[in-house]
Each structure stands twice: as C-alpha cells, then as structure tokens.
Amino acid sequence: MSGPYVLNVSEPTFQSDVLERSVQHPVVVEFWSPRSEASVALSPVLARLSTEYDGKFVLARVDVDANPQLAQAVGVQSIPLVIAVLRGQVVPLFQGALGEPEARQYLDQLFTVAVANGITGRAEPVGPAAAEAPEPEADPRYEAAEDAVASGDLDGAIAAYEALLKETPADAEAKAGLARVQLVKRTRDVPAEVRTRAAENAGDIEAQMLVADVDLMGGHVEDAFARLIRTIQSTAGDERNTVRLHLLELFEVVGGDDERVVRARKQLMTALF
C-alpha cells in the first residue's frame, strides 16, 4: 500500500520514522499482516485518508510477520491494530477493520488532542508516491486561522474564524474550526479539582461543562454528551440554555454526521421537550 504520506516501517527505522517524526506531527501506526483479511481491508482506507488529510499525519505501516519483536514490544495481540504516537507517547486509536467514516472519526479526535498538546505541524510527503502527488490548493479563506493555529496563537485563530463567520455565517468548516480552537483553549489550564466539583454538585454548570470538554478531548465523546444532557435535564432558564449551547458547540467539534452526535441530538430533544 503506497501514498505520499505512507511509510513502511521496520524495527531499525521505528525510531526515526515514528518516534522522531511524532514531535512535529501525529504518526498513525498500522500493525498489519498480509495473512489477515481485516488488515487487507483496512489498509487502503487508511492510505486514502492519509492522502486526503494532506500531511496532518503520516501513516506508518508495520508488518507484524516481518517485525515480530516490534509487535511484541507494543503489545499487539490481534490485528489490525491502529495506534498514534504524539511526542513519543502512544495514543490508542482502534482495533479491527473499520469503514472510512468510522476511521475518520478517530482521526479527527486525534487531531484535536494533537493541537491541545501543541503539535500543529504538517508532514512533508514521505512515500514513494510523493513525487506524483498533486500539490493541493489551499483555501485562502482559512489561511489566517490555520496559520494562527500552527503558531499556537489560539486567540488569533478564534478572531480569524469569527471574522470569517461574520461574512459567511453558514460556513460549516469555519464553525467547526472555531469550535475546535475554543475547546482547546478552554482545556489548556483546567484545574485538577474540577471533576470533584462536578461530582459533588450537579448544579455547578461551569464544572459540568469543563469536565465534558476534558472528556471530549480525551476521546470520551459519549460520556461528554451524556453529562451535558443530564445537566440540561436538571436545570432551567438561562442555565439550561447555556449548557444547551455548549453541547451544540461540542457537536460542531465532533461533526454533525457522526453517529454519536445524531444519537445525542435525539436525546437532547427529549431532554428539552
């Protein structure tokens, strides 16, 4: 399987191809085997997504048959197994063959975590097909916001997205970008005791919303949604509306087509009416 952002990694190259690269951008590692039908099904999905995401991650493929010691060191028990590496730290993603929409959901969550950890760089093409890959045309509308994110200027990114939305209020990509950056900013310095506050006082809506933010950043999407829906059920008036708007913002982060968002919207309607 090849592509401009696909590398075949072995035990001798794992340090340079995965760990060192992960300082600048996410590296998604696919443990696979040509003997596994599920691996054969998943590999082209990940390769297509690596090209589509245009350098937001590098796909590092590890053949477990050829690299058994590396698979053992990571603790691979069944394949395909997909993990990510950020600044040398392993982030579990998923196991088994997923379809493209489901794999995309995990990747989008990974990028949110990466931005929160200051990993905003994009990879240069690395694979054998790199020379053949067409140069993508960047959308100039989002250039200011994306440049601000890349430099760590979250306030600048928020201002750029807000200016764009003032001109084109229905711009879905700008809405999602604004929601993601605002989430990262809110969760940068969350006090350690906020989860205790939320557990001890269901009516502390600030604590409930912050814990939901932290859960979403950690990939616990359904937990975050469920917490805010419970809070909506137990509040009224302005407080209920504040939590409702916060939940809608998290829906933007995850994406309106995500099945978890679709389910949570139905639960929200029940809670409200």
# chains A, B, ... in the order shown; residues from 1 in each chain; ligands from 1
>>> residues_around(residues="Leu272 in chain A", least_positions_apart="3", cutoff="10 Å", atoms="only C-alpha atoms", output="NGL selection string")
:A and (229 or 232-233 or 236 or 240-241 or 244 or 267-269)
>>> write_last_selection(atoms="all heavy atoms", output="PDB file, in the first residue's frame")
ATOM      1  N   ILE A 229     -26.261  16.398  28.746  1.00  0.00           N
ATOM      2  CA  ILE A 229     -27.706  16.138  28.631  1.00  0.00           C
ATOM      3  C   ILE A 229     -28.312  15.960  30.015  1.00  0.00           C
ATOM      4  O   ILE A 229     -29.408  16.465  30.300  1.00  0.00           O
ATOM      5  CB  ILE A 229     -27.948  14.908  27.733  1.00  0.00           C
ATOM      6  CG1 ILE A 229     -27.626  15.277  26.274  1.00  0.00           C
ATOM      7  CG2 ILE A 229     -29.398  14.433  27.844  1.00  0.00           C
ATOM      8  CD1 ILE A 229     -27.595  14.114  25.335  1.00  0.00           C
ATOM      9  N   ILE A 232     -28.683  19.393  31.453  1.00  0.00           N
ATOM     10  CA  ILE A 232     -29.836  20.086  30.853  1.00  0.00           C
ATOM     11  C   ILE A 232     -31.137  19.620  31.511  1.00  0.00           C
ATOM     12  O   ILE A 232     -32.045  20.424  31.781  1.00  0.00           O
ATOM     13  CB  ILE A 232     -29.862  19.844  29.334  1.00  0.00           C
ATOM     14  CG1 ILE A 232     -28.737  20.635  28.666  1.00  0.00           C
ATOM     15  CG2 ILE A 232     -31.218  20.204  28.727  1.00  0.00           C
ATOM     16  CD1 ILE A 232     -28.485  20.275  27.224  1.00  0.00           C
ATOM     17  N   GLN A 233     -31.243  18.347  31.781  1.00  0.00           N
ATOM     18  CA  GLN A 233     -32.448  17.794  32.403  1.00  0.00           C
ATOM     19  C   GLN A 233     -32.661  18.335  33.817  1.00  0.00           C
ATOM     20  O   GLN A 233     -33.806  18.410  34.293  1.00  0.00           O
ATOM     21  CB  GLN A 233     -32.364  16.271  32.444  1.00  0.00           C
ATOM     22  CG  GLN A 233     -32.469  15.608  31.071  1.00  0.00           C
ATOM     23  CD  GLN A 233     -32.172  14.132  31.116  1.00  0.00           C
ATOM     24  OE1 GLN A 233     -31.352  13.668  31.914  1.00  0.00           O
ATOM     25  NE2 GLN A 233     -32.825  13.362  30.254  1.00  0.00           N
ATOM     26  N   ALA A 236     -32.791  24.807  34.430  1.00  0.00           N
ATOM     27  CA  ALA A 236     -33.884  25.530  33.775  1.00  0.00           C
ATOM     28  C   ALA A 236     -33.409  26.932  33.422  1.00  0.00           C
ATOM     29  O   ALA A 236     -32.350  27.386  33.874  1.00  0.00           O
ATOM     30  CB  ALA A 236     -35.097  25.599  34.699  1.00  0.00           C
ATOM     31  N   ARG A 240     -29.960  26.379  31.742  1.00  0.00           N
ATOM     32  CA  ARG A 240     -30.232  25.289  30.784  1.00  0.00           C
ATOM     33  C   ARG A 240     -29.800  25.716  29.378  1.00  0.00           C
ATOM     34  O   ARG A 240     -29.196  24.920  28.650  1.00  0.00           O
ATOM     35  CB  ARG A 240     -31.711  24.936  30.796  1.00  0.00           C
ATOM     36  CG  ARG A 240     -32.118  24.016  29.655  1.00  0.00           C
ATOM     37  CD  ARG A 240     -33.577  23.669  29.664  1.00  0.00           C
ATOM     38  NE  ARG A 240     -33.836  22.560  30.574  1.00  0.00           N
ATOM     39  CZ  ARG A 240     -34.917  21.782  30.494  1.00  0.00           C
ATOM     40  NH1 ARG A 240     -35.838  22.016  29.575  1.00  0.00           N
ATOM     41  NH2 ARG A 240     -35.095  20.807  31.339  1.00  0.00           N
ATOM     42  N   ASN A 241     -30.090  26.937  28.997  1.00  0.00           N
ATOM     43  CA  ASN A 241     -29.739  27.396  27.660  1.00  0.00           C
ATOM     44  C   ASN A 241     -28.228  27.477  27.484  1.00  0.00           C
ATOM     45  O   ASN A 241     -27.696  27.161  26.409  1.00  0.00           O
ATOM     46  CB  ASN A 241     -30.364  28.756  27.379  1.00  0.00           C
ATOM     47  CG  ASN A 241     -30.295  29.115  25.911  1.00  0.00           C
ATOM     48  OD1 ASN A 241     -30.673  28.327  25.046  1.00  0.00           O
ATOM     49  ND2 ASN A 241     -29.786  30.309  25.618  1.00  0.00           N
ATOM     50  N   ARG A 244     -27.071  24.002  26.912  1.00  0.00           N
ATOM     51  CA  ARG A 244     -27.525  23.560  25.586  1.00  0.00           C
ATOM     52  C   ARG A 244     -26.604  24.101  24.498  1.00  0.00           C
ATOM     53  O   ARG A 244     -26.184  23.363  23.595  1.00  0.00           O
ATOM     54  CB  ARG A 244     -28.960  24.032  25.338  1.00  0.00           C
ATOM     55  CG  ARG A 244     -29.524  23.610  23.981  1.00  0.00           C
ATOM     56  CD  ARG A 244     -30.894  24.231  23.740  1.00  0.00           C
ATOM     57  NE  ARG A 244     -30.824  25.684  23.597  1.00  0.00           N
ATOM     58  CZ  ARG A 244     -30.536  26.305  22.456  1.00  0.00           C
ATOM     59  NH1 ARG A 244     -30.297  25.605  21.355  1.00  0.00           N
ATOM     60  NH2 ARG A 244     -30.506  27.632  22.406  1.00  0.00           N
ATOM     61  N   GLN A 267     -31.460  12.634  21.976  1.00  0.00           N
ATOM     62  CA  GLN A 267     -31.552  12.673  23.434  1.00  0.00           C
ATOM     63  C   GLN A 267     -31.740  14.099  23.930  1.00  0.00           C
ATOM     64  O   GLN A 267     -32.473  14.338  24.909  1.00  0.00           O
ATOM     65  CB  GLN A 267     -30.292  12.050  24.038  1.00  0.00           C
ATOM     66  CG  GLN A 267     -30.153  10.572  23.751  1.00  0.00           C
ATOM     67  CD  GLN A 267     -28.760  10.050  24.041  1.00  0.00           C
ATOM     68  OE1 GLN A 267     -27.853  10.802  24.410  1.00  0.00           O
ATOM     69  NE2 GLN A 267     -28.563   8.740  23.864  1.00  0.00           N
ATOM     70  N   LEU A 268     -31.094  15.056  23.265  1.00  0.00           N
ATOM     71  CA  LEU A 268     -31.254  16.464  23.630  1.00  0.00           C
ATOM     72  C   LEU A 268     -32.694  16.920  23.419  1.00  0.00           C
ATOM     73  O   LEU A 268     -33.264  17.611  24.278  1.00  0.00           O
ATOM     74  CB  LEU A 268     -30.296  17.327  22.801  1.00  0.00           C
ATOM     75  CG  LEU A 268     -30.452  18.841  22.941  1.00  0.00           C
ATOM     76  CD1 LEU A 268     -30.219  19.280  24.379  1.00  0.00           C
ATOM     77  CD2 LEU A 268     -29.491  19.572  21.990  1.00  0.00           C
ATOM     78  N   MET A 269     -33.296  16.541  22.307  1.00  0.00           N
ATOM     79  CA  MET A 269     -34.690  16.909  22.052  1.00  0.00           C
ATOM     80  C   MET A 269     -35.610  16.345  23.121  1.00  0.00           C
ATOM     81  O   MET A 269     -36.523  17.031  23.586  1.00  0.00           O
ATOM     82  CB  MET A 269     -35.104  16.407  20.665  1.00  0.00           C
ATOM     83  CG  MET A 269     -34.368  17.060  19.512  1.00  0.00           C
ATOM     84  SD  MET A 269     -34.642  18.850  19.434  1.00  0.00           S
ATOM     85  CE  MET A 269     -36.374  18.879  18.949  1.00  0.00           C
TER      86      MET A 269
END
>>> residues_around(residues="Ser36 in chain A", least_positions_apart="3", cutoff="8 Å", atoms="only C-alpha atoms", output="VMD selection string")
chain A and resid 32 to 33 39 to 40 79 to 80
>>> closest_residue(among="A:Glu206, A:Asp257, A:Leu81, A:Ala271", to="Val243 in chain A", atoms="only C-alpha atoms")
A:Glu206
>>> select_by_dssp(residues="range 32-259 of chain A", states="alpha helix (DSSP H)", output="number ranges by chain")
A: 37-52, 68-74, 100-116, 143-150, 154-167, 172-186, 194-200, 205-217, 221-233, 237-254, 259
>>> closest_residue(among="A:Val28, A:Val9, A:Ala71, A:Ala160", to="Phe94 in chain A", atoms="only C-alpha atoms")
A:Val28
>>> residues_around(residues="Ala172 in chain A", least_positions_apart="4", cutoff="9 Å", atoms="only C-alpha atoms", output="list of chain:residue names")
A:Ala176, A:Gly177, A:Glu252
>>> atom_distance(atom1="CA of Ala116 in chain A", atom2="CA of Asn201 in chain A")
27.4 Å
>>> residues_around(residues="Leu110 in chain A", least_positions_apart="6", cutoff="9 Å", atoms="only C-alpha atoms", output="number ranges by chain")
A: 26, 84, 91, 93, 217-219
>>> residues_around(residues="Ala224 in chain A", least_positions_apart="6", cutoff="8 Å", atoms="only C-alpha atoms", output="PDB file with all heavy atoms, in the first residue's frame")
ATOM      1  N   VAL A 211     -15.725  19.525  32.604  1.00  0.00           N
ATOM      2  CA  VAL A 211     -15.454  18.086  32.603  1.00  0.00           C
ATOM      3  C   VAL A 211     -15.857  17.478  31.264  1.00  0.00           C
ATOM      4  O   VAL A 211     -15.161  16.610  30.719  1.00  0.00           O
ATOM      5  CB  VAL A 211     -16.175  17.382  33.770  1.00  0.00           C
ATOM      6  CG1 VAL A 211     -16.043  15.862  33.649  1.00  0.00           C
ATOM      7  CG2 VAL A 211     -15.600  17.844  35.105  1.00  0.00           C
ATOM      8  N   ALA A 212     -16.962  17.931  30.713  1.00  0.00           N
ATOM      9  CA  ALA A 212     -17.368  17.450  29.382  1.00  0.00           C
ATOM     10  C   ALA A 212     -16.315  17.796  28.336  1.00  0.00           C
ATOM     11  O   ALA A 212     -15.998  16.981  27.461  1.00  0.00           O
ATOM     12  CB  ALA A 212     -18.719  18.045  29.002  1.00  0.00           C
ATOM     13  N   ASP A 213     -15.753  18.998  28.425  1.00  0.00           N
ATOM     14  CA  ASP A 213     -14.680  19.388  27.499  1.00  0.00           C
ATOM     15  C   ASP A 213     -13.486  18.451  27.623  1.00  0.00           C
ATOM     16  O   ASP A 213     -12.928  17.991  26.622  1.00  0.00           O
ATOM     17  CB  ASP A 213     -14.224  20.819  27.796  1.00  0.00           C
ATOM     18  CG  ASP A 213     -15.230  21.871  27.361  1.00  0.00           C
ATOM     19  OD1 ASP A 213     -16.146  21.536  26.582  1.00  0.00           O
ATOM     20  OD2 ASP A 213     -15.104  23.020  27.819  1.00  0.00           O
ATOM     21  N   ASP A 215     -13.402  15.427  28.822  1.00  0.00           N
ATOM     22  CA  ASP A 215     -13.757  14.089  28.343  1.00  0.00           C
ATOM     23  C   ASP A 215     -13.698  14.032  26.814  1.00  0.00           C
ATOM     24  O   ASP A 215     -13.192  13.059  26.243  1.00  0.00           O
ATOM     25  CB  ASP A 215     -15.162  13.706  28.820  1.00  0.00           C
ATOM     26  CG  ASP A 215     -15.187  13.273  30.278  1.00  0.00           C
ATOM     27  OD1 ASP A 215     -14.100  13.008  30.834  1.00  0.00           O
ATOM     28  OD2 ASP A 215     -16.281  13.202  30.858  1.00  0.00           O
ATOM     29  N   LEU A 216     -14.210  15.062  26.167  1.00  0.00           N
ATOM     30  CA  LEU A 216     -14.191  15.075  24.703  1.00  0.00           C
ATOM     31  C   LEU A 216     -12.757  15.089  24.180  1.00  0.00           C
ATOM     32  O   LEU A 216     -12.423  14.361  23.239  1.00  0.00           O
ATOM     33  CB  LEU A 216     -14.956  16.289  24.178  1.00  0.00           C
ATOM     34  CG  LEU A 216     -15.288  16.236  22.687  1.00  0.00           C
ATOM     35  CD1 LEU A 216     -16.431  15.252  22.435  1.00  0.00           C
ATOM     36  CD2 LEU A 216     -15.682  17.607  22.163  1.00  0.00           C
TER      37      LEU A 216
END
>>> residues_around(residues="Phe251 in chain A", least_positions_apart="5", cutoff="9 Å", atoms="only C-alpha atoms", output="number ranges by chain")
A: 176, 179, 225, 246, 256, 258, 261, 264-265
>>> residues_around(residues="Leu164 in chain A", least_positions_apart="3", cutoff="12 Å", atoms="only C-alpha atoms", output="short mmCIF file (atom, residue, chain, number, x, y, z; two decimals) with all heavy atoms, in the first residue's frame")
data_model
loop_
_atom_site.label_atom_id
_atom_site.label_comp_id
_atom_site.auth_asym_id
_atom_site.auth_seq_id
_atom_site.Cartn_x
_atom_site.Cartn_y
_atom_site.Cartn_z
N PRO A 140 -7.84 29.93 0.59
CA PRO A 140 -7.33 31.16 1.22
C PRO A 140 -8.23 31.70 2.32
O PRO A 140 -7.78 32.49 3.16
CB PRO A 140 -7.23 32.14 0.05
CG PRO A 140 -8.19 31.62 -0.99
CD PRO A 140 -8.15 30.13 -0.83
N ARG A 141 -9.50 31.29 2.34
CA ARG A 141 -10.42 31.81 3.36
C ARG A 141 -9.97 31.41 4.76
O ARG A 141 -10.20 32.14 5.73
CB ARG A 141 -11.83 31.29 3.11
CG ARG A 141 -12.49 31.81 1.85
CD ARG A 141 -13.83 31.16 1.65
NE ARG A 141 -13.70 29.71 1.50
CZ ARG A 141 -14.73 28.86 1.52
NH1 ARG A 141 -15.95 29.32 1.73
NH2 ARG A 141 -14.53 27.57 1.35
N TYR A 142 -9.34 30.24 4.87
CA TYR A 142 -8.99 29.74 6.20
C TYR A 142 -7.51 29.93 6.53
O TYR A 142 -7.04 29.50 7.58
CB TYR A 142 -9.34 28.25 6.29
CG TYR A 142 -10.74 27.94 5.83
CD1 TYR A 142 -10.97 27.19 4.68
CD2 TYR A 142 -11.84 28.42 6.52
CE1 TYR A 142 -12.26 26.92 4.24
CE2 TYR A 142 -13.14 28.17 6.09
CZ TYR A 142 -13.34 27.41 4.94
OH TYR A 142 -14.61 27.16 4.51
N GLU A 143 -6.78 30.58 5.64
CA GLU A 143 -5.33 30.67 5.80
C GLU A 143 -4.94 31.39 7.09
O GLU A 143 -4.05 30.93 7.83
CB GLU A 143 -4.73 31.40 4.59
CG GLU A 143 -3.21 31.44 4.61
CD GLU A 143 -2.65 32.06 3.34
OE1 GLU A 143 -3.43 32.29 2.39
OE2 GLU A 143 -1.43 32.32 3.32
N ALA A 144 -5.60 32.51 7.40
CA ALA A 144 -5.23 33.27 8.59
C ALA A 144 -5.47 32.46 9.85
O ALA A 144 -4.61 32.43 10.76
CB ALA A 144 -6.03 34.58 8.65
N ALA A 145 -6.61 31.77 9.93
CA ALA A 145 -6.91 30.97 11.11
C ALA A 145 -5.96 29.79 11.24
O ALA A 145 -5.45 29.50 12.33
CB ALA A 145 -8.36 30.47 11.05
N ALA A 157 -6.50 32.73 16.10
CA ALA A 157 -7.31 31.80 15.30
C ALA A 157 -8.79 32.02 15.54
O ALA A 157 -9.59 32.01 14.60
CB ALA A 157 -6.91 30.36 15.64
N ILE A 158 -9.15 32.22 16.81
CA ILE A 158 -10.56 32.47 17.13
C ILE A 158 -11.04 33.75 16.45
O ILE A 158 -12.13 33.78 15.85
CB ILE A 158 -10.74 32.57 18.67
CG1 ILE A 158 -10.56 31.18 19.31
CG2 ILE A 158 -12.11 33.15 19.02
CD1 ILE A 158 -10.50 31.20 20.81
N ALA A 159 -10.23 34.81 16.50
CA ALA A 159 -10.62 36.07 15.87
C ALA A 159 -10.77 35.90 14.35
O ALA A 159 -11.69 36.45 13.75
CB ALA A 159 -9.57 37.14 16.18
N ALA A 160 -9.88 35.11 13.75
CA ALA A 160 -9.95 34.90 12.30
C ALA A 160 -11.20 34.13 11.92
O ALA A 160 -11.88 34.46 10.94
CB ALA A 160 -8.69 34.18 11.83
N TYR A 161 -11.51 33.08 12.67
CA TYR A 161 -12.72 32.31 12.37
C TYR A 161 -13.98 33.16 12.59
O TYR A 161 -14.94 33.08 11.82
CB TYR A 161 -12.78 31.06 13.24
CG TYR A 161 -11.95 29.91 12.73
CD1 TYR A 161 -11.02 29.28 13.55
CD2 TYR A 161 -12.11 29.43 11.43
CE1 TYR A 161 -10.27 28.21 13.08
CE2 TYR A 161 -11.36 28.37 10.96
CZ TYR A 161 -10.44 27.76 11.78
OH TYR A 161 -9.69 26.71 11.32
N GLU A 167 -18.79 37.26 7.92
CA GLU A 167 -19.04 37.45 6.49
C GLU A 167 -19.91 36.33 5.92
O GLU A 167 -20.77 36.59 5.07
CB GLU A 167 -17.71 37.51 5.74
CG GLU A 167 -16.82 38.68 6.12
CD GLU A 167 -15.50 38.65 5.37
OE1 GLU A 167 -15.32 37.75 4.53
OE2 GLU A 167 -14.66 39.53 5.63
N THR A 168 -19.65 35.10 6.35
CA THR A 168 -20.39 33.93 5.82
C THR A 168 -20.86 33.08 7.00
O THR A 168 -20.21 32.10 7.37
CB THR A 168 -19.49 33.10 4.89
OG1 THR A 168 -18.27 32.77 5.57
CG2 THR A 168 -19.17 33.85 3.62
N PRO A 169 -21.98 33.45 7.62
CA PRO A 169 -22.44 32.77 8.84
C PRO A 169 -22.71 31.28 8.67
O PRO A 169 -22.68 30.53 9.65
CB PRO A 169 -23.74 33.53 9.19
CG PRO A 169 -23.60 34.85 8.51
CD PRO A 169 -22.85 34.59 7.26
N ALA A 170 -22.96 30.83 7.46
CA ALA A 170 -23.30 29.41 7.24
C ALA A 170 -22.08 28.55 6.91
O ALA A 170 -22.24 27.37 6.58
CB ALA A 170 -24.32 29.29 6.12
N ASP A 171 -20.88 29.09 7.01
CA ASP A 171 -19.67 28.34 6.66
C ASP A 171 -19.44 27.23 7.69
O ASP A 171 -18.96 27.48 8.80
CB ASP A 171 -18.47 29.30 6.62
CG ASP A 171 -17.22 28.64 6.05
OD1 ASP A 171 -17.02 27.44 6.29
OD2 ASP A 171 -16.45 29.34 5.37
N ALA A 172 -19.75 25.99 7.32
CA ALA A 172 -19.68 24.87 8.26
C ALA A 172 -18.24 24.60 8.70
O ALA A 172 -17.99 24.27 9.87
CB ALA A 172 -20.28 23.62 7.62
N GLU A 173 -17.29 24.72 7.77
CA GLU A 173 -15.90 24.45 8.13
C GLU A 173 -15.37 25.48 9.12
O GLU A 173 -14.63 25.15 10.05
CB GLU A 173 -15.03 24.43 6.88
CG GLU A 173 -13.61 23.99 7.15
CD GLU A 173 -12.81 23.71 5.89
OE1 GLU A 173 -13.44 23.52 4.82
OE2 GLU A 173 -11.57 23.67 5.98
N ALA A 174 -15.76 26.74 8.94
CA ALA A 174 -15.33 27.78 9.87
C ALA A 174 -15.97 27.57 11.24
O ALA A 174 -15.32 27.78 12.28
CB ALA A 174 -15.69 29.15 9.32
N LYS A 175 -17.24 27.17 11.26
CA LYS A 175 -17.90 26.88 12.54
C LYS A 175 -17.18 25.77 13.29
O LYS A 175 -16.93 25.87 14.49
CB LYS A 175 -19.36 26.47 12.30
CG LYS A 175 -20.29 27.60 11.91
CD LYS A 175 -21.70 27.07 11.72
CE LYS A 175 -22.67 28.16 11.31
NZ LYS A 175 -24.04 27.63 11.10
N GLY A 177 -14.08 24.75 12.84
CA GLY A 177 -12.74 25.20 13.22
C GLY A 177 -12.77 26.07 14.46
O GLY A 177 -11.94 25.91 15.37
N LEU A 178 -13.74 26.99 14.53
CA LEU A 178 -13.87 27.84 15.71
C LEU A 178 -14.17 27.01 16.94
O LEU A 178 -13.56 27.22 18.01
CB LEU A 178 -14.99 28.86 15.47
CG LEU A 178 -15.32 29.78 16.65
CD1 LEU A 178 -14.11 30.62 17.03
CD2 LEU A 178 -16.52 30.67 16.31
#
>>> atom_distance(atom1="CA of Gln15 in chain A", atom2="CA of Val85 in chain A")
11.4 Å
>>> closest_residue(among="A:Arg21, A:Asn67, A:Leu250, A:Phe31", to="Glu222 in chain A", atoms="only C-alpha atoms")
A:Leu250
>>> closest_residue(among="A:Leu228, A:Val74, A:Ala123, A:Val6", to="Gln24 in chain A", atoms="only C-alpha atoms")
A:Ala123
>>> atom_distance(atom1="CA of Val29 in chain A", atom2="CA of Ala60 in chain A")
4.7 Å
>>> select_by_dssp(residues="range 8-233 of chain A", states="strand (DSSP E)", output="JSON, numbers by chain")
{"A": [8, 27, 28, 29, 30, 31, 32, 58, 59, 60, 61, 62, 63, 81, 82, 83, 84, 85, 86, 89, 90, 91, 92, 93, 94, 95]}
